[in-house]
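Below is start-v4.pdb, holding PDB, C-alpha atoms and all ligand atoms.
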ATOM      1  CA  MET A   1       0.000   0.000   0.000  1.00  0.00           C
ATOM      2  CA  ASP A   2       1.387   3.453  -0.855  1.00  0.00           C
ATOM      3  CA  ILE A   3       1.934   6.190   1.711  1.00  0.00           C
ATOM      4  CA  THR A   4      -1.009   8.296   0.491  1.00  0.00           C
ATOM      5  CA  SER A   5      -3.437   5.419   1.025  1.00  0.00           C
ATOM      6  CA  LYS A   6      -1.971   4.645   4.442  1.00  0.00           C
ATOM      7  CA  LEU A   7      -2.344   8.274   5.537  1.00  0.00           C
ATOM      8  CA  LYS A   8      -5.972   8.347   4.367  1.00  0.00           C
ATOM      9  CA  ILE A   9      -6.703   5.223   6.408  1.00  0.00           C
ATOM     10  CA  LEU A  10      -4.902   6.643   9.442  1.00  0.00           C
ATOM     11  CA  ASP A  11      -6.988   9.835   9.285  1.00  0.00           C
ATOM     12  CA  GLN A  12     -10.183   7.737   9.263  1.00  0.00           C
ATOM     13  CA  ILE A  13      -8.974   5.591  12.167  1.00  0.00           C
ATOM     14  CA  TYR A  14      -8.258   8.739  14.195  1.00  0.00           C
ATOM     15  CA  SER A  15     -11.678  10.130  13.306  1.00  0.00           C
ATOM     16  CA  ILE A  16     -13.497   6.949  14.415  1.00  0.00           C
ATOM     17  CA  TYR A  17     -11.527   6.887  17.664  1.00  0.00           C
ATOM     18  CA  ASP A  18     -12.057  10.600  18.383  1.00  0.00           C
ATOM     19  CA  ASN A  19     -15.828  10.107  17.931  1.00  0.00           C
ATOM     20  CA  PHE A  20     -15.692   7.156  20.310  1.00  0.00           C
ATOM     21  CA  VAL A  21     -13.865   9.242  22.919  1.00  0.00           C
ATOM     22  CA  ASP A  22     -16.417  12.049  22.519  1.00  0.00           C
ATOM     23  CA  SER A  23     -19.083   9.609  23.716  1.00  0.00           C
ATOM     24  CA  LEU A  24     -17.250   8.945  27.005  1.00  0.00           C
ATOM     25  CA  ASP A  25     -17.626  10.757  30.302  1.00  0.00           C
ATOM     26  CA  LEU A  26     -14.063  11.984  30.908  1.00  0.00           C
ATOM     27  CA  ALA A  27     -12.202  14.509  33.044  1.00  0.00           C
ATOM     28  CA  CYS A  28      -9.870  15.429  30.157  1.00  0.00           C
ATOM     29  CA  LYS A  29      -9.911  19.072  29.150  1.00  0.00           C
ATOM     30  CA  LYS A  30      -7.798  21.733  27.456  1.00  0.00           C
ATOM     31  CA  TYR A  31      -4.447  22.547  29.138  1.00  0.00           C
ATOM     32  CA  CYS A  32      -4.686  19.378  31.254  1.00  0.00           C
ATOM     33  CA  ASP A  33      -1.207  18.023  30.582  1.00  0.00           C
ATOM     34  CA  HIS A  34      -0.309  15.631  33.408  1.00  0.00           C
ATOM     35  CA  CYS A  35      -0.391  12.796  30.857  1.00  0.00           C
ATOM     36  CA  CYS A  36       1.965  14.558  28.429  1.00  0.00           C
ATOM     37  CA  THR A  37       5.204  12.738  29.272  1.00  0.00           C
ATOM     38  CA  SER A  38       8.171  11.349  27.367  1.00  0.00           C
ATOM     39  CA  GLY A  39       6.467   7.939  27.524  1.00  0.00           C
ATOM     40  CA  VAL A  40       4.445   8.456  24.335  1.00  0.00           C
ATOM     41  CA  THR A  41       5.025   5.830  21.644  1.00  0.00           C
ATOM     42  CA  LEU A  42       3.808   5.707  18.052  1.00  0.00           C
ATOM     43  CA  THR A  43       4.330   4.186  14.623  1.00  0.00           C
ATOM     44  CA  THR A  44       6.471   5.493  11.786  1.00  0.00           C
ATOM     45  CA  LEU A  45       3.281   6.158   9.805  1.00  0.00           C
ATOM     46  CA  GLU A  46       2.077   8.544  12.492  1.00  0.00           C
ATOM     47  CA  GLY A  47       5.515  10.163  12.721  1.00  0.00           C
ATOM     48  CA  TYR A  48       5.590  10.569   8.949  1.00  0.00           C
ATOM     49  CA  LYS A  49       2.190  12.259   9.060  1.00  0.00           C
ATOM     50  CA  ILE A  50       3.297  14.691  11.788  1.00  0.00           C
ATOM     51  CA  ILE A  51       6.469  15.740   9.952  1.00  0.00           C
ATOM     52  CA  ASP A  52       4.702  15.831   6.572  1.00  0.00           C
ATOM     53  CA  ARG A  53       1.877  18.080   7.766  1.00  0.00           C
ATOM     54  CA  LEU A  54       3.716  20.483  10.068  1.00  0.00           C
ATOM     55  CA  THR A  55       3.156  24.042   8.969  1.00  0.00           C
ATOM     56  CA  SER A  56       6.219  26.179   8.319  1.00  0.00           C
ATOM     57  CA  ASP A  57       5.428  28.097  11.561  1.00  0.00           C
ATOM     58  CA  THR A  58       5.433  25.106  13.884  1.00  0.00           C
ATOM     59  CA  ASN A  59       8.021  23.127  11.950  1.00  0.00           C
ATOM     60  CA  THR A  60      11.153  24.851  13.294  1.00  0.00           C
ATOM     61  CA  ASP A  61      10.136  24.707  16.972  1.00  0.00           C
ATOM     62  CA  VAL A  62       8.980  21.102  16.837  1.00  0.00           C
ATOM     63  CA  ILE A  63      12.068  19.852  15.008  1.00  0.00           C
ATOM     64  CA  GLN A  64      14.377  21.866  17.297  1.00  0.00           C
ATOM     65  CA  ASN A  65      12.684  20.565  20.454  1.00  0.00           C
ATOM     66  CA  ILE A  66      12.883  17.004  19.172  1.00  0.00           C
ATOM     67  CA  GLN A  67      16.545  17.329  18.179  1.00  0.00           C
ATOM     68  CA  SER A  68      17.493  18.792  21.561  1.00  0.00           C
ATOM     69  CA  ALA A  69      15.645  15.995  23.407  1.00  0.00           C
ATOM     70  CA  SER A  70      18.166  13.329  22.333  1.00  0.00           C
ATOM     71  CA  GLN A  71      19.307  12.709  25.911  1.00  0.00           C
ATOM     72  CA  ILE A  72      15.876  12.899  27.577  1.00  0.00           C
ATOM     73  CA  LYS A  73      14.782   9.942  29.722  1.00  0.00           C
ATOM     74  CA  ARG A  74      12.056   8.203  27.766  1.00  0.00           C
ATOM     75  CA  LEU A  75      10.140   4.979  27.389  1.00  0.00           C
ATOM     76  CA  ARG A  76      11.433   2.792  24.567  1.00  0.00           C
ATOM     77  CA  PRO A  77       9.017  -0.093  23.951  1.00  0.00           C
ATOM     78  CA  GLN A  78      10.489  -3.627  23.813  1.00  0.00           C
ATOM     79  CA  ILE A  79       7.725  -5.154  21.680  1.00  0.00           C
ATOM     80  CA  THR A  80       4.758  -3.885  19.710  1.00  0.00           C
ATOM     81  CA  THR A  81       1.113  -4.622  20.512  1.00  0.00           C
ATOM     82  CA  ASN A  82       0.713  -7.064  17.602  1.00  0.00           C
ATOM     83  CA  ARG A  83       3.886  -8.898  18.642  1.00  0.00           C
ATOM     84  CA  LEU A  84       2.466  -9.111  22.167  1.00  0.00           C
ATOM     85  CA  ALA A  85      -0.754 -10.585  20.711  1.00  0.00           C
ATOM     86  CA  GLN A  86       1.288 -13.155  18.740  1.00  0.00           C
ATOM     87  CA  LEU A  87       3.224 -14.190  21.874  1.00  0.00           C
ATOM     88  CA  CYS A  88       0.032 -14.439  23.938  1.00  0.00           C
ATOM     89  CA  ALA A  89      -1.565 -16.635  21.245  1.00  0.00           C
ATOM     90  CA  GLN A  90       1.521 -18.902  21.379  1.00  0.00           C
ATOM     91  CA  GLY A  91       1.455 -19.003  25.201  1.00  0.00           C
ATOM     92  CA  VAL A  92       4.888 -17.344  25.379  1.00  0.00           C
ATOM     93  CA  ASP A  93       5.733 -14.820  28.106  1.00  0.00           C
ATOM     94  CA  PRO A  94       6.458 -11.364  26.638  1.00  0.00           C
ATOM     95  CA  PRO A  95       9.646  -9.475  27.616  1.00  0.00           C
ATOM     96  CA  GLU A  96       9.214  -7.144  30.575  1.00  0.00           C
ATOM     97  CA  GLU A  97       8.654  -3.500  29.685  1.00  0.00           C
ATOM     98  CA  ALA A  98      10.394  -0.832  31.761  1.00  0.00           C
ATOM     99  CA  ASP A  99       7.967   1.129  33.931  1.00  0.00           C
ATOM    100  CA  ASN A 100       6.992   4.586  32.764  1.00  0.00           C
ATOM    101  CA  LEU A 101       7.084   6.252  36.156  1.00  0.00           C
ATOM    102  CA  ASP A 102       8.983   9.482  36.799  1.00  0.00           C
ATOM    103  CA  LEU A 103       9.288  10.383  33.161  1.00  0.00           C
ATOM    104  CA  PRO A 104       9.824  14.051  32.281  1.00  0.00           C
ATOM    105  CA  ALA A 105       7.271  16.082  30.346  1.00  0.00           C
ATOM    106  CA  CYS A 106       6.900  15.528  26.619  1.00  0.00           C
ATOM    107  CA  PRO A 107       9.586  17.641  24.901  1.00  0.00           C
ATOM    108  CA  LEU A 108       6.938  19.134  22.616  1.00  0.00           C
ATOM    109  CA  LEU A 109       4.734  20.452  25.428  1.00  0.00           C
ATOM    110  CA  SER A 110       4.847  24.247  25.510  1.00  0.00           C
ATOM    111  CA  ASP A 111       2.942  26.445  27.947  1.00  0.00           C
ATOM    112  CA  HIS A 112       0.601  23.516  28.788  1.00  0.00           C
ATOM    113  CA  LYS A 113      -0.267  23.250  25.086  1.00  0.00           C
ATOM    114  CA  CYS A 114       0.511  20.662  22.448  1.00  0.00           C
ATOM    115  CA  PRO A 115       1.906  22.383  19.307  1.00  0.00           C
ATOM    116  CA  ILE A 116       0.808  19.420  17.168  1.00  0.00           C
ATOM    117  CA  PHE A 117      -2.557  18.793  18.822  1.00  0.00           C
ATOM    118  CA  GLU A 118      -4.457  18.102  15.575  1.00  0.00           C
ATOM    119  CA  LEU A 119      -1.656  15.804  14.431  1.00  0.00           C
ATOM    120  CA  ARG A 120      -0.936  14.133  17.774  1.00  0.00           C
ATOM    121  CA  PRO A 121      -0.412  10.381  17.562  1.00  0.00           C
ATOM    122  CA  TYR A 122      -2.845   7.740  18.707  1.00  0.00           C
ATOM    123  CA  GLY A 123      -0.778   7.172  21.873  1.00  0.00           C
ATOM    124  CA  CYS A 124      -1.773  10.706  22.966  1.00  0.00           C
ATOM    125  CA  ARG A 125      -5.397  10.461  21.806  1.00  0.00           C
ATOM    126  CA  CYS A 126      -6.022   7.330  23.858  1.00  0.00           C
ATOM    127  CA  LEU A 127      -4.611   8.791  27.089  1.00  0.00           C
ATOM    128  CA  VAL A 128      -7.945   9.535  28.764  1.00  0.00           C
ATOM    129  CA  SER A 129      -9.224   9.368  32.307  1.00  0.00           C
ATOM    130  CA  ARG A 130     -12.487   9.423  34.226  1.00  0.00           C
ATOM    131  CA  HIS A 131     -10.920  11.626  36.897  1.00  0.00           C
ATOM    132  CA  ASN A 132      -8.301  14.355  36.909  1.00  0.00           C
ATOM    133  CA  CYS A 133      -4.917  12.589  36.881  1.00  0.00           C
ATOM    134  CA  ALA A 134      -3.156  15.511  38.561  1.00  0.00           C
ATOM    135  CA  GLU A 135      -5.305  15.035  41.681  1.00  0.00           C
ATOM    136  CA  LYS A 136      -4.865  11.268  42.047  1.00  0.00           C
ATOM    137  CA  GLY A 137      -1.497  10.835  40.322  1.00  0.00           C
ATOM    138  CA  TYR A 138      -2.788   8.257  37.846  1.00  0.00           C
ATOM    139  CA  ALA A 139      -5.390   7.855  35.115  1.00  0.00           C
ATOM    140  CA  GLU A 140      -8.552   5.810  35.608  1.00  0.00           C
ATOM    141  CA  ILE A 141      -9.634   4.065  32.416  1.00  0.00           C
ATOM    142  CA  ASP A 142     -12.642   1.807  32.021  1.00  0.00           C
ATOM    143  CA  ASP A 143     -11.762  -1.822  31.094  1.00  0.00           C
ATOM    144  CA  PHE A 144     -13.867  -1.604  27.929  1.00  0.00           C
ATOM    145  CA  VAL A 145     -12.052   1.568  26.850  1.00  0.00           C
ATOM    146  CA  LEU A 146      -8.728  -0.225  27.417  1.00  0.00           C
ATOM    147  CA  SER A 147      -9.931  -3.037  25.132  1.00  0.00           C
ATOM    148  CA  VAL A 148     -10.986  -0.538  22.461  1.00  0.00           C
ATOM    149  CA  ASN A 149      -7.609   1.218  22.803  1.00  0.00           C
ATOM    150  CA  THR A 150      -5.791  -2.060  22.207  1.00  0.00           C
ATOM    151  CA  VAL A 151      -7.803  -2.815  19.062  1.00  0.00           C
ATOM    152  CA  PHE A 152      -6.962   0.613  17.616  1.00  0.00           C
ATOM    153  CA  LEU A 153      -3.267   0.182  18.491  1.00  0.00           C
ATOM    154  CA  GLN A 154      -3.297  -3.178  16.702  1.00  0.00           C
ATOM    155  CA  THR A 155      -5.080  -1.720  13.674  1.00  0.00           C
ATOM    156  CA  ILE A 156      -2.712   1.241  13.273  1.00  0.00           C
ATOM    157  CA  GLU A 157       0.308  -1.066  13.611  1.00  0.00           C
ATOM    158  CA  HIS A 158      -1.205  -3.381  10.985  1.00  0.00           C
ATOM    159  CA  ILE A 159      -1.609  -0.525   8.482  1.00  0.00           C
ATOM    160  CA  ASP A 160       2.078   0.248   9.106  1.00  0.00           C
ATOM    161  CA  ALA A 161       3.182  -3.404   9.225  1.00  0.00           C
ATOM    162  CA  ASP A 162       6.297  -2.759   7.125  1.00  0.00           C
ATOM    163  CA  GLY A 163       7.287   0.178   9.335  1.00  0.00           C
ATOM    164  CA  CYS A 164       8.495   0.553  12.916  1.00  0.00           C
ATOM    165  CA  SER A 165       7.311   1.700  16.337  1.00  0.00           C
ATOM    166  CA  GLY A 166       9.116   3.591  19.054  1.00  0.00           C
ATOM    167  CA  ASN A 167       9.252   6.571  21.347  1.00  0.00           C
ATOM    168  CA  LEU A 168       7.994   9.937  20.069  1.00  0.00           C
ATOM    169  CA  VAL A 169      11.506  11.436  20.187  1.00  0.00           C
ATOM    170  CA  ASP A 170      13.116   8.569  18.258  1.00  0.00           C
ATOM    171  CA  ILE A 171      10.330   8.359  15.672  1.00  0.00           C
ATOM    172  CA  LEU A 172      10.261  12.105  14.990  1.00  0.00           C
ATOM    173  CA  GLN A 173      14.065  12.302  14.873  1.00  0.00           C
ATOM    174  CA  ALA A 174      14.044   9.500  12.285  1.00  0.00           C
ATOM    175  CA  MET A 175      11.163  10.912  10.249  1.00  0.00           C
ATOM    176  CA  SER A 176      12.622  14.442  10.151  1.00  0.00           C
ATOM    177  CA  VAL A 177      15.490  13.140   7.973  1.00  0.00           C
ATOM    178  CA  ASP A 178      14.673  13.163   4.224  1.00  0.00           C
ATOM    179  CA  LYS A 179      16.674   9.999   3.552  1.00  0.00           C
ATOM    180  CA  ASN A 180      14.722   8.111   6.238  1.00  0.00           C
ATOM    181  CA  ARG A 181      11.341   9.295   4.936  1.00  0.00           C
ATOM    182  CA  LYS A 182      12.269   8.106   1.440  1.00  0.00           C
ATOM    183  CA  ALA A 183      13.455   4.758   2.839  1.00  0.00           C
ATOM    184  CA  TYR A 184      10.230   4.481   4.842  1.00  0.00           C
ATOM    185  CA  CYS A 185       8.076   5.119   1.771  1.00  0.00           C
ATOM    186  CA  SER A 186       9.971   2.301   0.019  1.00  0.00           C
ATOM    187  CA  SER A 187       9.441  -0.027   3.022  1.00  0.00           C
ATOM    188  CA  ALA A 188      13.213   0.023   3.547  1.00  0.00           C
ATOM    189  CA  LEU A 189      13.618   1.935   6.824  1.00  0.00           C
ATOM    190  CA  HIS A 190      15.959   0.094   9.201  1.00  0.00           C
ATOM    191  CA  CYS A 191      14.165   0.004  12.556  1.00  0.00           C
ATOM    192  CA  SER A 192      16.980  -0.905  14.963  1.00  0.00           C
ATOM    193  CA  ALA A 193      19.415   1.547  13.340  1.00  0.00           C
ATOM    194  CA  ASN A 194      16.939   4.256  14.378  1.00  0.00           C
ATOM    195  CA  LYS A 195      16.365   2.821  17.885  1.00  0.00           C
ATOM    196  CA  LEU A 196      12.947   1.522  16.825  1.00  0.00           C
ATOM    197  CA  ILE A 197      11.284  -1.897  16.787  1.00  0.00           C
ATOM    198  CA  PRO A 198       9.656  -3.580  13.762  1.00  0.00           C
ATOM    199  CA  ASN A 199       5.877  -3.519  13.436  1.00  0.00           C
ATOM    200  CA  GLN A 200       3.918  -6.710  12.875  1.00  0.00           C
ATOM    201  CA  PRO A 201       0.738  -7.527  10.955  1.00  0.00           C
ATOM    202  CA  LEU A 202      -2.426  -8.095  12.951  1.00  0.00           C
ATOM    203  CA  GLU A 203      -2.956 -11.835  13.388  1.00  0.00           C
ATOM    204  CA  VAL A 204      -5.235 -11.984  16.411  1.00  0.00           C
ATOM    205  CA  LEU A 205      -7.325  -9.211  17.945  1.00  0.00           C
ATOM    206  CA  MET A 206      -6.933  -8.975  21.719  1.00  0.00           C
ATOM    207  CA  ILE A 207     -10.579  -8.563  22.757  1.00  0.00           C
ATOM    208  CA  PRO A 208     -11.732 -10.154  26.021  1.00  0.00           C
ATOM    209  CA  PRO A 209     -14.884 -12.307  25.487  1.00  0.00           C
ATOM    210  CA  GLU A 210     -16.988 -10.004  27.703  1.00  0.00           C
ATOM    211  CA  HIS A 211     -16.285  -7.013  25.407  1.00  0.00           C
ATOM    212  CA  ARG A 212     -16.845  -8.648  22.003  1.00  0.00           C
ATOM    213  CA  THR A 213     -20.513  -7.790  21.526  1.00  0.00           C
ATOM    214  CA  LYS A 214     -20.164  -4.234  22.827  1.00  0.00           C
ATOM    215  CA  MET A 215     -17.123  -3.701  20.581  1.00  0.00           C
ATOM    216  CA  GLU A 216     -18.908  -4.767  17.381  1.00  0.00           C
ATOM    217  CA  PRO A 217     -20.126  -1.276  16.272  1.00  0.00           C
ATOM    218  CA  VAL A 218     -16.571   0.118  16.521  1.00  0.00           C
ATOM    219  CA  LEU A 219     -15.161  -2.895  14.681  1.00  0.00           C
ATOM    220  CA  GLN A 220     -17.752  -2.419  11.961  1.00  0.00           C
ATOM    221  CA  GLU A 221     -16.690   1.221  11.525  1.00  0.00           C
ATOM    222  CA  LEU A 222     -13.070   0.084  11.159  1.00  0.00           C
ATOM    223  CA  ARG A 223     -14.090  -2.547   8.585  1.00  0.00           C
ATOM    224  CA  GLU A 224     -15.927   0.117   6.551  1.00  0.00           C
ATOM    225  CA  ILE A 225     -12.863   2.349   6.149  1.00  0.00           C
ATOM    226  CA  LYS A 226     -12.301   3.157   2.491  1.00  0.00           C
ATOM    227  CA  VAL A 227      -9.156   4.389   0.751  1.00  0.00           C
TER     228      VAL A 227
HETATM  229  S1  LIG A 301      -5.608  11.726  30.799  1.00  0.00           S
HETATM  230 FE1  LIG A 301      -5.543  12.800  32.762  1.00  0.00          FE
HETATM  231  S2  LIG A 301      -3.946  14.387  32.543  1.00  0.00           S
HETATM  232 FE2  LIG A 301      -4.485  13.661  30.496  1.00  0.00          FE
HETATM  233  S3  LIG A 301      -6.048  15.137  29.787  1.00  0.00           S
HETATM  234 FE3  LIG A 301      -7.128  13.381  30.714  1.00  0.00          FE
HETATM  235  S4  LIG A 301      -7.489  13.955  32.862  1.00  0.00           S
HETATM  236 FE4  LIG A 301      -5.908  15.336  32.031  1.00  0.00          FE
HETATM  237  S1  LIG A 302       2.660  15.104  21.470  1.00  0.00           S
HETATM  238 FE1  LIG A 302       1.311  16.667  22.324  1.00  0.00          FE
HETATM  239  S2  LIG A 302      -0.445  15.550  23.218  1.00  0.00           S
HETATM  240 FE2  LIG A 302       1.242  14.078  22.910  1.00  0.00          FE
HETATM  241  S3  LIG A 302       2.353  14.016  24.857  1.00  0.00           S
HETATM  242 FE3  LIG A 302       3.385  15.545  23.559  1.00  0.00          FE
HETATM  243  S4  LIG A 302       2.434  17.518  24.075  1.00  0.00           S
HETATM  244 FE4  LIG A 302       1.074  15.876  24.859  1.00  0.00          FE
END
Take the structure in the file and give it back as structure tokens.
Amino acid sequence: MDITSKLKILDQIYSIYDNFVDSLDLACKKYCDHCCTSGVTLTTLEGYKIIDRLTSDTNTDVIQNIQSASQIKRLRPQITTNRLAQLCAQGVDPPEEADNLDLPACPLLSDHKCPIFELRPYGCRCLVSRHNCAEKGYAEIDDFVLSVNTVFLQTIEHIDADGCSGNLVDILQAMSVDKNRKAYCSSALHCSANKLIPNQPLEVLMIPPEHRTKMEPVLQELREIKV
């Protein structure tokens, strides 16, 4: 699939998810940024979209902030969600992920605002909570919402199955280099050379039995996505 088609699908996935989130009763509101940490992860497709659609005004600041965040403490995922699903299906224990406690703020956050809010990756969109995280120190997410979040993570990774996943800083550093974007569009980006991990196709959806019926309308919307 070419990059234009992938981006069109990604936009529709975001739109379906944003509509789903709008139907939830959440404490999330503008300038609430406790969840904006250096733990955000995403796919190369999402990073490509961010770099590709930055306006000339925001471009310089975003690229500069990402370049100067090279040494920041951040969460680097060990395996992707679809790889985790494969291991679970095989009955194999996944590698342990490092905890994401005590991470600094996202290097893009500026004055409690996200400079790429409309372009923010799925990993930011799905950070939601029923109560204010700043008051309790953690987010409270309904089990069904967690299941929906996992399905969307798996779907986005599947669309980008010949790409990579990683931390926001590493992905945006990689995607801000012309040579890497060209390699990515030719399905030739080297994940580990850019401190990223390879994406996997979706083989098994991780939906608990008790959520399957309730999830069906969302799944149907995903199935109806057109390029
Ligand atoms: S997840 Fe928590 S910190 Fe983030 S916007 Fe929602 S309530 Fe605020
Ligand atoms: S990219 Fe934007 S929404 Fe996501 S963590 Fe950073 S500042 Fe927050």
Enumerate, as a PyMOL selection string, the residues matched when the PyMOL selection byres (((not hetatm)) within 9 of (chain A and resi 301)) is run on the file above. chain A and resi 26-36+124+126-134+137-141
All residues having an atom within 12 Å of ligand LIG 302 (chain A) (all atoms listed in the file) as an MDAnalysis selection string: chainID A and resid 28:42 46:47 50 62 65:66 74 103:128 167:169 171:172
Write out as a PyMOL selection string which residues come within 10 Å of Gln78 of chain A when counting all atoms listed in the file, dropping same-chain ones fewer than 4 positions away. chain A and resi 83-84+94-98+165-166+196-197
Å distance separating atom CA of Leu222 of chain A from atom CA of Asp52 of chain A, one decimal place: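 Atom-to-atom, atom CA of Leu222 of chain A and atom CA of Asp52 of chain A are spaced 24.2 Å apart.
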Nearest to Leu153 of chain A, chosen from A:Asn19, A:Thr80, A:Thr60, A:Ser5, with only C-alpha atoms counted in the distances: A:Thr80
Given only C-alpha atoms as the counted atoms, nearest of A:Leu202, A:Asp170, A:Ala161, A:Phe152 to Ser15 of chain A: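 For Ser15 of chain A, the nearest of the candidates is A:Phe152.
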